[in-house]
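Working notes, beginning with the structure itself.
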Amino acid sequence: MDTNYILSKKTKQVFLSISVIGILLIALSFLFENPESKQVWMNVLLNNLYFLFLSLFGVLFIALHKIAHSGWHVSLKRIPEALSTFLPYSAALMFLLIFGMHDLYHWSHHDLHDPIIEGKSAYLNLPFFFIRMAVYFTGWIGLSYLLRKNSASQDLSNDYKFHKQGRILAALFMAFFAVTSSTMSWDWIMSVDPHWFSTLFGWFVFIGLFVSGVAAFILIIALLKAQGYLNFVNKEHLHDLGKYLFGFSIFWMYLWFFQYMLIWYSHIPEETIYFAQRLHGFPILFFTILILNFLFPFLALMTRNSKRNIKWLAMVAAVVLIGQWLNIYLMLSPGIMGETAKIGLIEIGSACLYLGGFLFVVLNALSKKPLLCKNDPFLEESFHYET
């Protein structure tokens with residue numbers, strides 16, 4: 001039952017092919033589309049954030065369920081642990097932004113003479129920006145490493161102290177993440193439009209992170225089950241993940257709407273420019289995102305049986321993942337590219353390049369340990385879980 005996942009040569013070739021296709025598409029974009037430097041850096045930021053969010057979800061999922069004394073998730077714990085191993089790569093890729101700051105962030109220029117941005121200069125300045133980034137990644141990577149190390153120690157011993165230590169580490173991560181999930185969204189996404197702000201923005205970014213993470217979790221389970229692994233994962237486990245995807249897609253819609261609603265209700269018309277730019281400049285994309293992230297999963301997962309069918313659940317998860325990538329794209333591209341923003345070869349190629357690398361790192365990490373953790377006090381509960 002504790003069989004190791006074997007990352008076959010064929011699977012590695014598939015991941016390599018995805019990345020190679022990405023590189024070819026990027027090369028073709030330079031030949032035929034001649035992208036601007038800010039478009040190149042926008043794609044680096046977009047995909048850095050997207051795959052960072054999937055990785056952060058892995059740590060969040062483990063920490064959240066540990067402090068809640070959850071038992072149902074224990075037999076699935078190896079997958080979020082593997083997701084979290086991409087965090088060091090995300091850190092390295094994010095620090096590359098030091099070379100593209102002037103293309104991405106208007107506030108990073110020194111000769112602005114803009115009183116609004118100058119009023120925010122104590123927070124929006126390059127040294128403090130990268131100090132905060134270093135703090136974020138140090139905390140996330142350090143605590144995720146300690147949680148994985150704690151899990152590995154528990155595999156070797158049935159001493160209850162490891163479970164208690166894991167809960168302490170989980171609580172520390174949740175406290176750190178509660179603050180940094182908002183501040184990183186202000187730093188990396190909201191400051192693209194430095195004249196605008198939203199008190200709900202941190203929550204909106206967080207819920208997108210959670211929904212996309214659940215969707216990635218479901219797809220990895222579907223992949224492993226298709227290869228004959230995870231026989232101990234039953235329909236009850238799938239049902240709970242399906243409820244997560246269904247419920248938090250609705251919550252995403254709630255925040256999507258009320259982020260504007262509060263601006264309107266508070267009579268702050270100057271803050272509506274963010275929404276006007278995206279609605280009137282990119283109407284098809286604006287409503288496509290609403291359909292992919294809310295309407296489709298809402299209708300597709302409304303029944304109980306739809307949440308218990310792994311193939312159907314995986315299809316819905318794939319749609320949501322595409323929708324959340326587009327959601328981050330719409331948060332970034334109008335502020336960086338303006339009306340010239342469009343999804344072309346470089347956007348698709350960059351996403352493929354990152355996807356191939358991300359899948360290799362995560363599934364390679366998954367193959368390093370048995371798929372089933374040992375000695376967790378809630379393991380039996382997870383085996384016999386019923387909703």
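Residues are referred to by chain and number: the chain letter is A, B, ... according to the order shown in the structure tokens, the number counts from 1 in that chain, and ligands are numbered separately from 1 in the order shown.
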
Using backbone DSSP assignments, extract all helix (DSSP H, G or I) residues from range 225-382 of chain A; output them as a PyMOL selection string. chain A and resi 225-226+235-265+269-281+283-300+305-307+310-340+345-366+379-382

List the spatial neighbours of Ile291 in chain A as a compact mmCIF listing (two decimals) with C-alpha atoms, in the first residue's frame - criterion: any atom at most 12 Å away, only C-alpha atoms, same-chain residues fewer than 4 positions off excluded.
# COMPACT_ATOMS: atom_id res chain seq x y z
CA SER A 249 -15.33 28.78 -6.76
CA ILE A 250 -18.49 30.38 -5.40
CA TRP A 252 -14.12 33.46 -5.61
CA MET A 253 -17.18 34.87 -7.39
CA ILE A 284 -14.45 38.90 -23.91
CA LEU A 285 -11.65 37.92 -21.55
CA PHE A 286 -13.40 39.61 -18.62
CA PHE A 287 -16.55 37.48 -18.96
CA LEU A 295 -20.36 29.52 -13.82
CA PHE A 296 -18.88 26.33 -15.27
CA PRO A 297 -17.68 24.71 -12.00
CA PHE A 298 -20.90 25.84 -10.27
CA LEU A 299 -23.11 24.06 -12.81
CA ALA A 300 -20.75 21.12 -13.38
CA VAL A 316 -13.64 20.61 -14.26
CA VAL A 319 -11.00 24.27 -16.81
CA VAL A 320 -10.59 26.07 -13.48
CA ILE A 322 -7.03 27.67 -17.19
CA GLY A 323 -9.49 30.17 -15.76
CA GLN A 324 -7.20 31.09 -12.88
CA LEU A 326 -6.36 33.95 -17.26
CA ASN A 327 -7.47 35.66 -14.05

Counting only C-alpha atoms, which residue out of A:Leu353, A:Leu332, A:Leu147, A:Ala314 sits closest to Pro194 in chain A?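 Between A:Leu353, A:Leu332, A:Leu147, A:Ala314, the residue approaching Pro194 in chain A most closely is A:Leu332.
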
Give me the range 113-203 of chain A side of the contact with range 49-70 of chain A, cut-off 8 Å, one line per residue showing its nearest atom pair and distance in Å at one decimal, counting only C-alpha atoms, sorted by chain and residue number, as a tab-separated table.
residue	atom	partner	partner_atom	distance
A:Trp140	CA	A:Leu56	CA	7.7
A:Ser144	CA	A:Val59	CA	5.9
A:Gly166	CA	A:Lys66	CA	7.4
A:Arg167	CA	A:Ile67	CA	5.5
A:Leu169	CA	A:Ala63	CA	7.7
A:Ala170	CA	A:Ala63	CA	4.2
A:Ala171	CA	A:Ile67	CA	6.4
A:Phe173	CA	A:Ala63	CA	6.9
A:Met174	CA	A:Ala63	CA	6.7

Save out the residues we just selected, C-alpha atoms, as a PDB file, in the first residue's frame.
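Dumped to out10.pdb:
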ATOM      1  CA  TRP A 140       7.602  29.958   3.242  1.00  0.00           C
ATOM      2  CA  SER A 144       7.565  24.085   4.363  1.00  0.00           C
ATOM      3  CA  GLY A 166       3.806  19.316  13.227  1.00  0.00           C
ATOM      4  CA  ARG A 167       0.823  21.209  14.614  1.00  0.00           C
ATOM      5  CA  LEU A 169       4.876  24.307  12.723  1.00  0.00           C
ATOM      6  CA  ALA A 170       1.497  24.420  10.971  1.00  0.00           C
ATOM      7  CA  ALA A 171       0.272  27.169  13.300  1.00  0.00           C
ATOM      8  CA  PHE A 173       3.011  28.861   8.946  1.00  0.00           C
ATOM      9  CA  MET A 174      -0.651  29.889   9.086  1.00  0.00           C
TER      10      MET A 174
END

Just give me the gap between CA of Asn305 in chain A and CA of Phe383 in chain A in Å, one decimal is fine. 20.4 Å

Excluding same-chain residues fewer than 3 positions from range 5-21 of chain A, what lies within 12 Å of it counting only C-alpha atoms, as a VMD selection string? chain A and resid 1 to 2 24 to 28 78 to 79 82 220 to 221 223 to 225 227 to 230 345 to 346 348 to 372

Store the residues picked out above, limited to N, CA and C atoms, as a short mmCIF file (atom, residue, chain, number, x, y, z; two decimals), in the first residue's frame.
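And here's result.cif as it stands now:
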data_model
loop_
_atom_site.label_atom_id
_atom_site.label_comp_id
_atom_site.auth_asym_id
_atom_site.auth_seq_id
_atom_site.Cartn_x
_atom_site.Cartn_y
_atom_site.Cartn_z
N MET A 1 0.82 -1.21 0.00
CA MET A 1 0.00 0.00 0.00
C MET A 1 0.86 1.27 0.00
N ASP A 2 2.09 1.16 0.52
CA ASP A 2 2.95 2.35 0.59
C ASP A 2 3.92 2.40 -0.59
N LEU A 24 9.91 26.56 -28.28
CA LEU A 24 9.69 26.80 -29.72
C LEU A 24 8.67 27.91 -29.94
N LEU A 25 7.60 27.92 -29.16
CA LEU A 25 6.58 28.96 -29.30
C LEU A 25 7.15 30.33 -28.94
N ILE A 26 7.99 30.38 -27.90
CA ILE A 26 8.63 31.65 -27.53
C ILE A 26 9.54 32.12 -28.66
N ALA A 27 10.29 31.19 -29.23
CA ALA A 27 11.18 31.56 -30.35
C ALA A 27 10.37 32.07 -31.54
N LEU A 28 9.26 31.41 -31.83
CA LEU A 28 8.40 31.85 -32.94
C LEU A 28 7.81 33.23 -32.67
N ARG A 78 1.08 13.23 0.80
CA ARG A 78 2.30 13.28 0.00
C ARG A 78 2.17 14.23 -1.20
N ILE A 79 0.97 14.39 -1.73
CA ILE A 79 0.80 15.24 -2.91
C ILE A 79 1.02 16.72 -2.58
N ALA A 82 4.64 17.32 -2.06
CA ALA A 82 5.39 17.41 -3.32
C ALA A 82 5.18 18.76 -4.00
N ILE A 220 -3.54 15.87 -10.18
CA ILE A 220 -2.45 14.94 -9.84
C ILE A 220 -3.01 13.61 -9.35
N ILE A 221 -4.06 13.67 -8.55
CA ILE A 221 -4.72 12.42 -8.11
C ILE A 221 -5.23 11.65 -9.32
N LEU A 223 -4.12 11.74 -12.38
CA LEU A 223 -2.97 11.20 -13.10
C LEU A 223 -2.44 9.94 -12.42
N LEU A 224 -2.31 9.99 -11.10
CA LEU A 224 -1.78 8.82 -10.38
C LEU A 224 -2.75 7.65 -10.42
N LYS A 225 -4.04 7.93 -10.30
CA LYS A 225 -5.02 6.85 -10.35
C LYS A 225 -5.05 6.21 -11.73
N GLN A 227 -2.59 5.75 -13.55
CA GLN A 227 -1.40 4.91 -13.65
C GLN A 227 -1.42 3.75 -12.64
N GLY A 228 -2.54 3.59 -11.93
CA GLY A 228 -2.70 2.46 -11.02
C GLY A 228 -2.28 2.70 -9.58
N TYR A 229 -2.03 3.97 -9.21
CA TYR A 229 -1.64 4.30 -7.84
C TYR A 229 -2.85 4.80 -7.05
N LEU A 230 -2.62 5.01 -5.75
CA LEU A 230 -3.61 5.61 -4.84
C LEU A 230 -4.91 4.81 -4.74
N LEU A 345 1.76 34.01 -28.91
CA LEU A 345 2.64 32.84 -28.84
C LEU A 345 3.51 32.86 -27.59
N ILE A 346 3.97 34.04 -27.19
CA ILE A 346 4.87 34.09 -26.04
C ILE A 346 4.13 33.76 -24.74
N ILE A 348 1.47 31.68 -24.48
CA ILE A 348 1.24 30.22 -24.48
C ILE A 348 2.55 29.47 -24.29
N GLY A 349 3.60 29.93 -24.96
CA GLY A 349 4.90 29.27 -24.85
C GLY A 349 5.47 29.35 -23.45
N SER A 350 5.37 30.52 -22.83
CA SER A 350 5.90 30.68 -21.46
C SER A 350 5.17 29.76 -20.49
N ALA A 351 3.83 29.68 -20.65
CA ALA A 351 3.05 28.81 -19.77
C ALA A 351 3.47 27.35 -19.94
N CYS A 352 3.70 26.92 -21.18
CA CYS A 352 4.13 25.53 -21.44
C CYS A 352 5.51 25.27 -20.85
N LEU A 353 6.42 26.23 -21.01
CA LEU A 353 7.78 26.06 -20.48
C LEU A 353 7.74 25.88 -18.96
N TYR A 354 7.01 26.73 -18.28
CA TYR A 354 6.88 26.62 -16.84
C TYR A 354 6.17 25.34 -16.43
N LEU A 355 5.11 24.98 -17.16
CA LEU A 355 4.33 23.79 -16.81
C LEU A 355 5.17 22.53 -16.84
N GLY A 356 5.98 22.36 -17.90
CA GLY A 356 6.84 21.18 -17.99
C GLY A 356 7.81 21.10 -16.84
N GLY A 357 8.42 22.23 -16.49
CA GLY A 357 9.36 22.24 -15.37
C GLY A 357 8.67 21.99 -14.04
N PHE A 358 7.51 22.59 -13.85
CA PHE A 358 6.77 22.42 -12.60
C PHE A 358 6.36 20.96 -12.40
N LEU A 359 5.82 20.33 -13.42
CA LEU A 359 5.39 18.93 -13.31
C LEU A 359 6.57 18.01 -13.02
N PHE A 360 7.70 18.28 -13.66
CA PHE A 360 8.87 17.44 -13.40
C PHE A 360 9.31 17.56 -11.95
N VAL A 361 9.42 18.78 -11.43
CA VAL A 361 9.88 18.99 -10.05
C VAL A 361 8.92 18.33 -9.06
N VAL A 362 7.63 18.53 -9.24
CA VAL A 362 6.65 18.02 -8.30
C VAL A 362 6.58 16.50 -8.33
N LEU A 363 6.48 15.91 -9.51
CA LEU A 363 6.35 14.46 -9.58
C LEU A 363 7.66 13.76 -9.28
N ASN A 364 8.77 14.41 -9.54
CA ASN A 364 10.06 13.85 -9.13
C ASN A 364 10.16 13.81 -7.61
N ALA A 365 9.69 14.88 -6.94
CA ALA A 365 9.67 14.90 -5.48
C ALA A 365 8.72 13.84 -4.94
N LEU A 366 7.60 13.64 -5.63
CA LEU A 366 6.61 12.64 -5.20
C LEU A 366 7.20 11.23 -5.27
N SER A 367 8.12 11.00 -6.20
CA SER A 367 8.71 9.67 -6.37
C SER A 367 9.78 9.35 -5.32
N LYS A 368 10.18 10.34 -4.52
CA LYS A 368 11.28 10.15 -3.57
C LYS A 368 10.82 9.49 -2.26
N LYS A 369 9.52 9.49 -2.00
CA LYS A 369 9.00 8.91 -0.75
C LYS A 369 7.85 7.96 -1.08
N PRO A 370 7.51 7.05 -0.17
CA PRO A 370 6.32 6.25 -0.37
C PRO A 370 5.08 7.14 -0.49
N LEU A 371 4.13 6.73 -1.30
CA LEU A 371 2.94 7.54 -1.52
C LEU A 371 2.07 7.65 -0.27
N LEU A 372 2.27 6.74 0.66
CA LEU A 372 1.47 6.75 1.88
C LEU A 372 2.37 7.04 3.07
#

Shell of 10 Å around range 153-156 of chain A, only C-alpha atoms, local chain residues under 4 positions omitted, as a ChimeraX atom specification: /A:147-149,160-163,166,370,372-377

Show which residues sit within 6 Å of Gly71 in chain A, as a PyMOL selection string. Count only C-alpha atoms, and ignore same-chain residues fewer than 2 positions away. chain A and resi 73-74+378+381-382

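Among the candidates A:Ser151, A:His113, A:Gly335, A:Ala317, the one nearest to Ser212 in chain A when counting only C-alpha atoms is A:Ala317.
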
So what do you get for CA of Leu219 in chain A versus CA of Ala178 in chain A, distance-wise?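 Distance reported for this atom pair: 26.4 Å.
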
Nearest-residue call for Asp193 in chain A, choices A:Ala92, A:Leu31, A:Leu245, A:Ile117, using only C-alpha atoms: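 Closest candidate: A:Ile117.
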
At most 10 Å is the cut-off: for each residue in range 326-385 of chain A with any atom that close to an atom of range 272-283 of chain A, write down the nearest atom pair and the distance in Å rounded to one decimal, counting only C-alpha atoms, chain first then increasing number, as CSV.
residue,atom,partner,partner_atom,distance
A:Leu330,CA,A:Arg278,CA,7.2
A:Met331,CA,A:Arg278,CA,8.5
A:Ser333,CA,A:Arg278,CA,9.5
A:Pro334,CA,A:Arg278,CA,6.9
A:Gly335,CA,A:Tyr274,CA,8.6
A:Gly338,CA,A:Gln277,CA,8.6
A:Glu339,CA,A:Gly281,CA,6.6
A:Thr340,CA,A:Gly281,CA,9.7
A:Ala341,CA,A:Phe282,CA,9.0
A:Lys342,CA,A:Phe282,CA,9.1

Any chance you can output those residues with C-alpha atoms as a short mmCIF file (atom, residue, chain, number, x, y, z; two decimals), in the first residue's frame?
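This is the output file again02.cif:
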data_model
loop_
_atom_site.label_atom_id
_atom_site.label_comp_id
_atom_site.auth_asym_id
_atom_site.auth_seq_id
_atom_site.Cartn_x
_atom_site.Cartn_y
_atom_site.Cartn_z
CA LEU A 330 -6.10 40.05 -16.53
CA MET A 331 -4.89 41.37 -13.18
CA SER A 333 -1.53 42.75 -18.37
CA PRO A 334 -3.71 45.90 -18.64
CA GLY A 335 -1.60 47.67 -16.02
CA GLY A 338 -2.22 48.78 -21.54
CA GLU A 339 -4.49 48.43 -24.57
CA THR A 340 -1.79 46.52 -26.50
CA ALA A 341 -2.13 43.49 -24.21
CA LYS A 342 -3.03 40.26 -25.98
#
